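One file, start.txt, is given below (compact mmCIF, C-alpha atoms (C1' of nucleotides)).
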```txt
# COMPACT_ATOMS: atom_id res chain seq x y z
CA MET A 377 -18.08 0.47 -19.92
CA PRO A 378 -15.49 1.94 -17.65
CA THR A 379 -16.31 5.34 -19.00
CA MET A 380 -16.39 8.10 -16.50
CA THR A 381 -16.09 11.57 -17.84
CA ALA A 382 -13.46 13.95 -16.58
CA ALA A 383 -16.20 16.04 -15.04
CA GLU A 384 -17.52 13.05 -13.12
CA ARG A 385 -14.10 12.21 -11.84
CA ARG A 386 -13.57 15.78 -10.71
CA ASP A 387 -16.87 15.83 -8.90
CA GLU A 388 -15.98 12.65 -7.12
CA ALA A 389 -12.62 14.04 -6.07
CA ARG A 390 -14.22 17.22 -4.85
CA GLU A 391 -16.74 15.38 -2.74
CA ALA A 392 -14.05 13.23 -1.20
CA TYR A 393 -11.92 16.26 -0.47
CA ASP A 394 -14.83 18.16 1.00
CA ALA A 395 -15.47 15.25 3.30
CA PHE A 396 -11.82 15.28 4.25
CA LEU A 397 -11.93 18.98 4.98
CA ALA A 398 -15.10 18.62 6.98
CA ALA A 399 -13.33 16.06 9.13
CA CYS A 400 -10.17 18.10 9.52
CA PRO A 401 -9.88 19.68 12.97
CA SER A 402 -7.58 22.46 11.86
CA HIS A 403 -9.89 23.53 9.11
CA GLN A 404 -13.02 23.46 11.25
CA LEU A 405 -11.48 25.35 14.12
CA LEU A 406 -9.74 27.80 11.85
CA GLY A 407 -13.21 28.83 10.80
CA ARG A 408 -14.14 29.04 14.43
CA ILE A 409 -11.40 31.39 15.61
CA SER A 410 -11.25 33.41 12.46
CA ASP A 411 -14.76 34.63 12.16
CA LYS A 412 -15.21 38.33 12.28
CA TRP A 413 -15.80 38.63 16.02
CA THR A 414 -14.38 35.64 17.89
CA ALA A 415 -10.90 37.05 18.37
CA LEU A 416 -12.17 40.36 19.68
CA ILE A 417 -14.59 38.76 22.13
CA VAL A 418 -12.10 36.22 23.43
CA THR A 419 -9.53 38.95 23.89
CA SER A 420 -12.11 41.04 25.69
CA LEU A 421 -12.53 38.22 28.21
CA ALA A 422 -8.79 37.67 28.64
CA ASP A 423 -8.57 39.49 31.98
CA GLY A 424 -11.49 37.73 33.64
CA PRO A 425 -15.27 37.40 33.56
CA ARG A 426 -17.33 40.15 32.06
CA ARG A 427 -20.99 40.99 31.79
CA TYR A 428 -22.81 41.09 28.48
CA GLY A 429 -22.93 44.87 28.46
CA GLU A 430 -19.25 45.17 29.28
CA VAL A 431 -18.28 42.98 26.35
CA ALA A 432 -20.63 45.00 24.17
CA ARG A 433 -18.84 48.18 25.16
CA THR A 434 -15.39 46.66 24.66
CA VAL A 435 -16.25 45.54 21.16
CA ALA A 436 -18.11 48.74 20.50
CA SER A 437 -18.96 48.26 16.86
CA ILE A 438 -20.58 44.85 17.09
CA SER A 439 -24.33 44.57 16.70
CA GLN A 440 -26.44 43.03 19.45
CA LYS A 441 -27.33 40.21 17.16
CA MET A 442 -23.79 39.23 16.29
CA LEU A 443 -22.63 39.61 19.88
CA THR A 444 -25.28 37.25 21.20
CA GLN A 445 -24.84 34.87 18.29
CA THR A 446 -21.07 34.70 18.67
CA LEU A 447 -21.26 34.33 22.46
CA ARG A 448 -23.72 31.46 22.08
CA SER A 449 -21.54 29.79 19.53
CA LEU A 450 -18.47 30.12 21.72
CA GLU A 451 -20.43 28.71 24.64
CA ARG A 452 -21.53 25.78 22.50
CA ASP A 453 -17.90 25.07 21.68
CA GLY A 454 -16.93 25.18 25.34
CA ILE A 455 -14.65 28.16 24.85
CA ILE A 456 -16.59 30.35 27.25
CA THR A 457 -19.12 29.75 30.01
CA ARG A 458 -22.35 31.65 30.49
CA THR A 459 -23.62 32.29 33.99
CA VAL A 460 -27.04 33.76 34.69
CA THR A 461 -27.63 35.41 38.06
CA PRO A 462 -31.35 36.06 38.62
CA GLU A 463 -31.15 39.47 40.20
CA VAL A 464 -33.30 42.36 39.14
CA PRO A 465 -32.35 43.18 36.54
CA VAL A 466 -30.86 39.97 35.30
CA ARG A 467 -27.10 39.60 35.31
CA VAL A 468 -25.21 37.43 32.83
CA ASP A 469 -21.48 36.83 33.03
CA TYR A 470 -19.21 35.30 30.45
CA GLU A 471 -15.86 33.76 31.23
CA LEU A 472 -13.17 31.91 29.32
CA THR A 473 -12.84 28.20 29.96
CA GLU A 474 -9.46 26.50 30.06
CA THR A 475 -9.82 25.76 26.35
CA GLY A 476 -10.56 29.41 25.78
CA ARG A 477 -7.59 30.57 27.79
CA GLU A 478 -5.32 28.29 25.79
CA LEU A 479 -6.52 30.11 22.72
CA LEU A 480 -4.95 33.35 23.93
CA PRO A 481 -1.34 32.44 23.03
CA VAL A 482 -2.50 31.49 19.55
CA LEU A 483 -4.15 34.84 19.09
CA ARG A 484 -1.03 36.48 20.41
CA ALA A 485 1.07 34.62 17.84
CA ILE A 486 -1.19 35.93 15.11
CA LYS A 487 -0.95 39.41 16.54
CA ASP A 488 2.84 39.24 16.70
CA TRP A 489 3.11 38.07 13.15
CA ALA A 490 0.69 40.78 12.06
CA GLU A 491 2.52 43.56 13.83
CA THR A 492 5.87 42.39 12.53
CA HIS A 493 4.79 42.27 8.93
CA ILE A 494 2.02 44.81 8.56
CA GLU A 495 4.38 47.47 7.35
CA GLY A 496 5.96 45.34 4.65
CA ILE A 497 2.57 44.08 3.59
CA MET A 498 1.12 47.55 3.25
CA ALA A 499 4.15 48.57 1.20
CA SER A 500 3.79 45.47 -0.95
CA ARG A 501 0.15 46.28 -1.60
CA GLU A 502 0.93 49.81 -2.64
CA ALA A 503 3.69 48.68 -4.97
CA TYR A 504 1.40 46.04 -6.48
CA ASP A 505 -1.42 48.49 -7.03
CA ARG A 506 0.82 51.13 -8.55
CA ARG A 507 2.29 48.61 -10.95
CA SER A 508 -1.03 47.40 -12.31
CA MET B 229 -28.04 72.93 22.21
CA PRO B 230 -25.71 70.19 23.37
CA THR B 231 -28.39 67.68 22.49
CA MET B 232 -27.18 64.57 20.84
CA THR B 233 -29.43 61.56 20.92
CA ALA B 234 -28.26 58.22 22.22
CA ALA B 235 -28.48 56.88 18.70
CA GLU B 236 -26.24 59.61 17.40
CA ARG B 237 -23.71 58.98 20.09
CA ARG B 238 -23.71 55.30 19.30
CA ASP B 239 -23.19 55.97 15.63
CA GLU B 240 -20.27 58.20 16.41
CA ALA B 241 -18.71 55.59 18.66
CA ARG B 242 -19.22 52.93 16.03
CA GLU B 243 -17.58 54.98 13.35
CA ALA B 244 -14.60 55.72 15.56
CA TYR B 245 -14.29 52.08 16.48
CA ASP B 246 -14.60 50.97 12.90
CA ALA B 247 -11.80 53.35 12.01
CA PHE B 248 -9.76 51.91 14.83
CA LEU B 249 -10.39 48.38 13.63
CA ALA B 250 -9.55 49.34 10.08
CA ALA B 251 -6.21 50.66 11.30
CA CYS B 252 -5.49 47.65 13.52
CA PRO B 253 -2.84 45.36 11.99
CA SER B 254 -3.96 42.30 13.89
CA HIS B 255 -7.52 42.66 12.74
CA GLN B 256 -6.64 43.28 9.11
CA LEU B 257 -4.22 40.42 8.88
CA LEU B 258 -6.46 38.10 10.81
CA GLY B 259 -8.86 38.52 7.97
CA ARG B 260 -6.01 37.85 5.59
CA ILE B 261 -4.84 34.54 7.01
CA SER B 262 -8.22 33.30 8.03
CA ASP B 263 -10.13 33.42 4.82
CA LYS B 264 -11.42 30.14 3.57
CA TRP B 265 -8.39 29.23 1.43
CA THR B 266 -5.28 31.10 2.54
CA ALA B 267 -4.16 28.57 5.11
CA LEU B 268 -4.50 25.65 2.71
CA ILE B 269 -2.64 27.38 -0.09
CA VAL B 270 0.21 28.60 2.10
CA THR B 271 0.56 25.14 3.59
CA SER B 272 0.58 23.68 0.10
CA LEU B 273 3.60 25.85 -0.69
CA ALA B 274 5.42 25.02 2.54
CA ASP B 275 7.80 22.54 0.93
CA GLY B 276 8.87 24.73 -1.95
CA PRO B 277 7.65 26.31 -5.20
CA ARG B 278 4.71 24.81 -7.00
CA ARG B 279 2.95 25.31 -10.27
CA TYR B 280 -0.61 26.54 -10.51
CA GLY B 281 -1.94 23.12 -11.40
CA GLU B 282 -0.08 21.44 -8.57
CA VAL B 283 -1.58 23.79 -6.04
CA ALA B 284 -4.97 23.19 -7.60
CA ARG B 285 -4.57 19.47 -7.14
CA THR B 286 -3.33 19.82 -3.57
CA VAL B 287 -6.32 21.91 -2.60
CA ALA B 288 -8.60 19.74 -4.67
CA SER B 289 -11.95 21.25 -3.82
CA ILE B 290 -11.14 24.87 -4.55
CA SER B 291 -12.69 26.48 -7.61
CA GLN B 292 -10.49 27.95 -10.29
CA LYS B 293 -11.80 31.37 -9.52
CA MET B 294 -11.04 31.29 -5.82
CA LEU B 295 -7.61 29.76 -6.39
CA THR B 296 -6.56 32.49 -8.78
CA GLN B 297 -8.17 35.17 -6.66
CA THR B 298 -6.50 34.02 -3.47
CA LEU B 299 -3.11 33.59 -5.14
CA ARG B 300 -3.32 37.10 -6.54
CA SER B 301 -4.27 38.50 -3.19
CA LEU B 302 -1.39 36.68 -1.48
CA GLU B 303 0.97 37.99 -4.12
CA ARG B 304 -0.30 41.50 -3.57
CA ASP B 305 0.42 41.14 0.14
CA GLY B 306 3.94 39.94 -0.56
CA ILE B 307 3.28 36.54 1.01
CA ILE B 308 4.00 34.63 -2.19
CA THR B 309 5.76 35.41 -5.45
CA ARG B 310 4.46 34.61 -8.91
CA THR B 311 6.90 33.66 -11.63
CA VAL B 312 5.85 33.28 -15.25
CA THR B 313 8.05 31.23 -17.56
CA PRO B 314 7.03 31.74 -21.19
CA GLU B 315 7.38 28.21 -22.42
CA VAL B 316 4.75 26.50 -24.50
CA PRO B 317 2.52 25.98 -22.77
CA VAL B 318 2.96 28.70 -20.19
CA ARG B 319 4.40 27.81 -16.82
CA VAL B 320 3.59 29.71 -13.65
CA ASP B 321 5.24 29.00 -10.33
CA TYR B 322 4.28 30.24 -6.90
CA GLU B 323 6.62 30.38 -3.94
CA LEU B 324 6.46 31.61 -0.38
CA THR B 325 8.36 34.76 0.46
CA GLU B 326 10.14 35.20 3.77
CA THR B 327 7.01 36.81 5.16
CA GLY B 328 5.05 33.83 3.94
CA ARG B 329 7.43 31.34 5.50
CA GLU B 330 7.17 33.13 8.82
CA LEU B 331 3.47 32.53 8.64
CA LEU B 332 3.97 28.77 8.82
CA PRO B 333 4.67 28.61 12.58
CA VAL B 334 1.53 30.64 13.21
CA LEU B 335 -0.52 28.20 11.19
CA ARG B 336 1.12 25.38 13.06
CA ALA B 337 0.15 26.99 16.36
CA ILE B 338 -3.44 27.12 15.22
CA LYS B 339 -3.25 23.53 14.06
CA ASP B 340 -1.80 22.40 17.39
CA TRP B 341 -4.48 24.17 19.35
CA ALA B 342 -7.13 22.72 17.06
CA GLU B 343 -5.89 19.17 17.33
CA THR B 344 -5.52 19.42 21.08
CA HIS B 345 -9.04 20.66 21.64
CA ILE B 346 -11.12 19.33 18.78
CA GLU B 347 -12.29 16.38 20.80
CA GLY B 348 -13.43 18.40 23.77
CA ILE B 349 -15.09 20.90 21.50
CA MET B 350 -17.01 18.27 19.59
CA ALA B 351 -18.15 16.78 22.88
CA SER B 352 -19.15 20.21 24.14
CA ARG B 353 -21.22 20.81 21.03
CA GLU B 354 -23.04 17.54 21.38
CA ALA B 355 -23.78 18.17 25.03
CA TYR B 356 -25.01 21.67 24.24
CA ASP B 357 -27.26 20.48 21.45
CA ARG B 358 -28.72 17.64 23.48
CA ARG B 359 -29.51 20.00 26.34
CA SER B 360 -31.42 22.53 24.28
C1' DC C 570 -1.71 25.50 -19.20
C1' DG C 571 -3.25 29.25 -16.58
C1' DG C 572 -6.04 32.14 -16.45
C1' DG C 573 -10.23 36.28 -17.37
C1' DA C 574 -15.23 37.64 -17.56
C1' DT C 575 -19.85 36.94 -16.40
C1' DC C 576 -23.89 35.41 -14.20
C1' DC C 577 -26.22 33.88 -10.20
C1' DT C 578 -27.15 32.24 -5.51
C1' DG C 579 -26.84 31.54 -0.53
C1' DC C 580 -26.15 33.30 3.76
C1' DC C 581 -23.83 36.72 6.63
C1' DC C 582 -24.77 40.30 9.06
C1' DG C 583 -26.75 44.98 10.09
C1' DA C 584 -31.04 47.60 11.25
C1' DT C 585 -35.14 47.66 13.63
C1' DA C 586 -38.69 46.42 16.81
C1' DC C 587 -40.44 43.79 20.72
C1' DT C 588 -39.99 41.00 25.51
C1' DG C 589 -39.26 39.21 30.58
C1' DC D 627 -30.22 44.42 31.35
C1' DA D 628 -29.97 40.87 28.22
C1' DG D 629 -31.79 39.16 25.16
C1' DT D 630 -35.40 37.17 20.69
C1' DA D 631 -37.67 37.82 15.99
C1' DT D 632 -37.97 39.38 11.47
C1' DC D 633 -36.70 41.60 7.21
C1' DG D 634 -33.60 42.76 3.67
C1' DG D 635 -29.13 44.21 1.13
C1' DG D 636 -24.54 43.01 -0.08
C1' DC D 637 -21.08 40.25 -1.36
C1' DA D 638 -18.32 36.03 -1.06
C1' DG D 639 -17.83 32.50 -3.82
C1' DG D 640 -19.42 28.52 -7.15
C1' DA D 641 -20.57 27.34 -12.16
C1' DT D 642 -19.82 28.17 -16.73
C1' DC D 643 -17.81 29.81 -20.91
C1' DC D 644 -14.04 31.88 -23.38
C1' DC D 645 -9.01 33.21 -24.41
C1' DG D 646 -3.57 33.57 -25.50
```
Go ahead and express the file in the form of structure tokens.
Amino acid sequence: MPTMTAAERRDEAREAYDAFLAACPSHQLLGRISDKWTALIVTSLADGPRRYGEVARTVASISQKMLTQTLRSLERDGIITRTVTPEVPVRVDYELTETGRELLPVLRAIKDWAETHIEGIMASREAYDRRS
Amino acid sequence: MPTMTAAERRDEAREAYDAFLAACPSHQLLGRISDKWTALIVTSLADGPRRYGEVARTVASISQKMLTQTLRSLERDGIITRTVTPEVPVRVDYELTETGRELLPVLRAIKDWAETHIEGIMASREAYDRRS
DNA sequence: CGGGATCCTGCCCGATACTG
DNA sequence: CAGTATCGGGCAGGATCCCG
């Protein structure tokens, strides 16, 4: 019996595709740079090392939890380094790595595209909403 | 009484910053291009118009709901157009607008960065996980 | 064929409190 | 100062069924 229902075939395709996506660098790292806070934090470190509290003030609206979590995650990915200086009180500095610095032009490209098209997009949204 | 607690001051700062972020084109549109499916769908339309079902097959693992939802949202933003041809059965084509096509180089920049650094990042993750 | 409507679940993230 | 720990609400998003 070669019978395989359509549903089974779809499931199989989906699994295969999920595996493909999981292995796809672009897709993984798109998730990385596009989470809610990564861009803001990386940009905050663009001009050089900064202490935890300085980053917190730059990205004023972030919660302590998400700041620490995102910093850790960026450190894990080798996009920033974390340096602890055992003074009293403790001092912790974060700094972009080379990989992190090479991310800056990408973010700038996004920013450029955004600033070029934001006006048209806002207008498009309004028109769309008025129509429906 | 000029008294304002630290908590109140923080809240005020957060609100102001949230308003700033809400008004920031880069931040808004970063959310736009970086959601789970936008990049895949836009890329799927890079070579020309496609029907709903074709896009669905290209981005095999997406659910019907998210495909429709994302397409609608992209249409609202003026990144793609939606053309209904009342044949039997119905035919619906999606196509990138100029704004949408100008998004392609940005996505390519992300892809290039990703492919250049994926290896180092994977290694960094492993090292980080083994250490802790 | 190309959707809409509904239900339901995980997990993202904010708020809060405590530590070295 | 720079975190960790815990709790809980909200909502993105998957599954399913129905429709013109």
Chain B residues within 6 Å of chain A, counting all atoms listed in the file: which ones, as JSON, numbers by chain? {"B": [242, 253, 254, 257, 262, 289, 304, 305, 306, 339, 342, 343, 346, 349, 352, 353, 356]}
Return the neighbours of chain C among the residues of chain A, cut-off 10 Å, counting all atoms listed in the file, as a PyMOL selection string. chain A and resi 438-442+465-466
If we count all atoms listed in the file and set the cut-off at 10 Å, which residues sit around B:Val320, ignoring sequence neighbours fewer than 4 positions away in its own chain? Please answer as a PyMOL selection string. (chain B and resi 277-281+310-315) or (chain C and resi 570-571)
Would you compute the distance between atom CA of A:Tyr470 and atom CA of A:Leu421? Give it in Å to one decimal.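 Interatomic distance, atom CA of A:Tyr470 to atom CA of A:Leu421: 7.6 Å.
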Here atom CA of B:Thr309 and atom C1' of D:DG646 stand apart by 22.2 Å
Interatomic distance (Å, one decimal) between atom CA of A:Val431 and atom CA of A:Ile417: 7.0 Å
Specify as a ChimeraX atom specification all residues of chain D found within 12 Å of chain B, counting all atoms listed in the file. /D:638-642,646
May I ask you to restore all heavy atoms in stretch 267-278 of chain B and write the result as a compact mmCIF listing (two decimals), keeping the file's coordinate frame?
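File written: result.txt
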```txt
# COMPACT_ATOMS: atom_id res chain seq x y z
N ALA B 267 -4.93 29.53 4.33
CA ALA B 267 -4.16 28.57 5.11
C ALA B 267 -3.80 27.34 4.29
O ALA B 267 -2.66 26.87 4.31
CB ALA B 267 -4.94 28.14 6.35
N LEU B 268 -4.75 26.85 3.51
CA LEU B 268 -4.50 25.65 2.71
C LEU B 268 -3.47 25.91 1.62
O LEU B 268 -2.60 25.08 1.36
CB LEU B 268 -5.82 25.17 2.10
CG LEU B 268 -6.84 24.63 3.11
CD1 LEU B 268 -8.19 24.44 2.45
CD2 LEU B 268 -6.36 23.33 3.72
N ILE B 269 -3.56 27.07 0.99
CA ILE B 269 -2.64 27.38 -0.09
C ILE B 269 -1.22 27.59 0.45
O ILE B 269 -0.25 27.07 -0.10
CB ILE B 269 -3.12 28.62 -0.87
CG1 ILE B 269 -4.41 28.28 -1.63
CG2 ILE B 269 -2.05 29.12 -1.82
CD1 ILE B 269 -5.01 29.44 -2.40
N VAL B 270 -1.11 28.36 1.51
CA VAL B 270 0.21 28.60 2.10
C VAL B 270 0.84 27.28 2.54
O VAL B 270 2.02 27.03 2.28
CB VAL B 270 0.11 29.58 3.29
CG1 VAL B 270 1.41 29.62 4.07
CG2 VAL B 270 -0.26 30.97 2.80
N THR B 271 0.05 26.44 3.17
CA THR B 271 0.56 25.14 3.59
C THR B 271 0.99 24.31 2.39
O THR B 271 2.00 23.61 2.42
CB THR B 271 -0.52 24.38 4.37
OG1 THR B 271 -0.93 25.18 5.48
CG2 THR B 271 0.02 23.04 4.87
N SER B 272 0.24 24.42 1.32
CA SER B 272 0.58 23.68 0.10
C SER B 272 1.92 24.10 -0.47
O SER B 272 2.60 23.32 -1.14
CB SER B 272 -0.52 23.89 -0.94
OG SER B 272 -0.05 23.61 -2.23
N LEU B 273 2.32 25.35 -0.18
CA LEU B 273 3.60 25.85 -0.69
C LEU B 273 4.73 25.72 0.33
O LEU B 273 5.86 26.15 0.07
CB LEU B 273 3.45 27.32 -1.10
CG LEU B 273 2.51 27.60 -2.28
CD1 LEU B 273 2.32 29.09 -2.49
CD2 LEU B 273 3.03 26.95 -3.55
N ALA B 274 4.44 25.09 1.45
CA ALA B 274 5.42 25.02 2.54
C ALA B 274 6.72 24.34 2.13
O ALA B 274 7.81 24.72 2.56
CB ALA B 274 4.81 24.30 3.74
N ASP B 275 6.61 23.34 1.28
CA ASP B 275 7.80 22.54 0.93
C ASP B 275 8.57 23.06 -0.27
O ASP B 275 9.51 22.40 -0.73
CB ASP B 275 7.39 21.08 0.69
CG ASP B 275 6.79 20.46 1.93
OD1 ASP B 275 7.16 20.90 3.04
OD2 ASP B 275 5.96 19.54 1.79
N GLY B 276 8.16 24.19 -0.80
CA GLY B 276 8.87 24.73 -1.95
C GLY B 276 7.91 25.22 -3.03
O GLY B 276 6.69 25.11 -2.87
N PRO B 277 8.45 25.75 -4.11
CA PRO B 277 7.65 26.31 -5.20
C PRO B 277 6.73 25.26 -5.81
O PRO B 277 7.07 24.06 -5.83
CB PRO B 277 8.69 26.74 -6.24
CG PRO B 277 10.00 26.74 -5.54
CD PRO B 277 9.90 25.81 -4.39
N ARG B 278 5.62 25.72 -6.30
CA ARG B 278 4.71 24.81 -7.00
C ARG B 278 4.04 25.52 -8.15
O ARG B 278 3.80 26.73 -8.10
CB ARG B 278 3.64 24.30 -6.03
CG ARG B 278 4.13 23.16 -5.19
CD ARG B 278 2.97 22.35 -4.66
NE ARG B 278 3.40 21.07 -4.15
CZ ARG B 278 2.72 20.37 -3.25
NH1 ARG B 278 1.60 20.85 -2.76
NH2 ARG B 278 3.15 19.19 -2.86
```
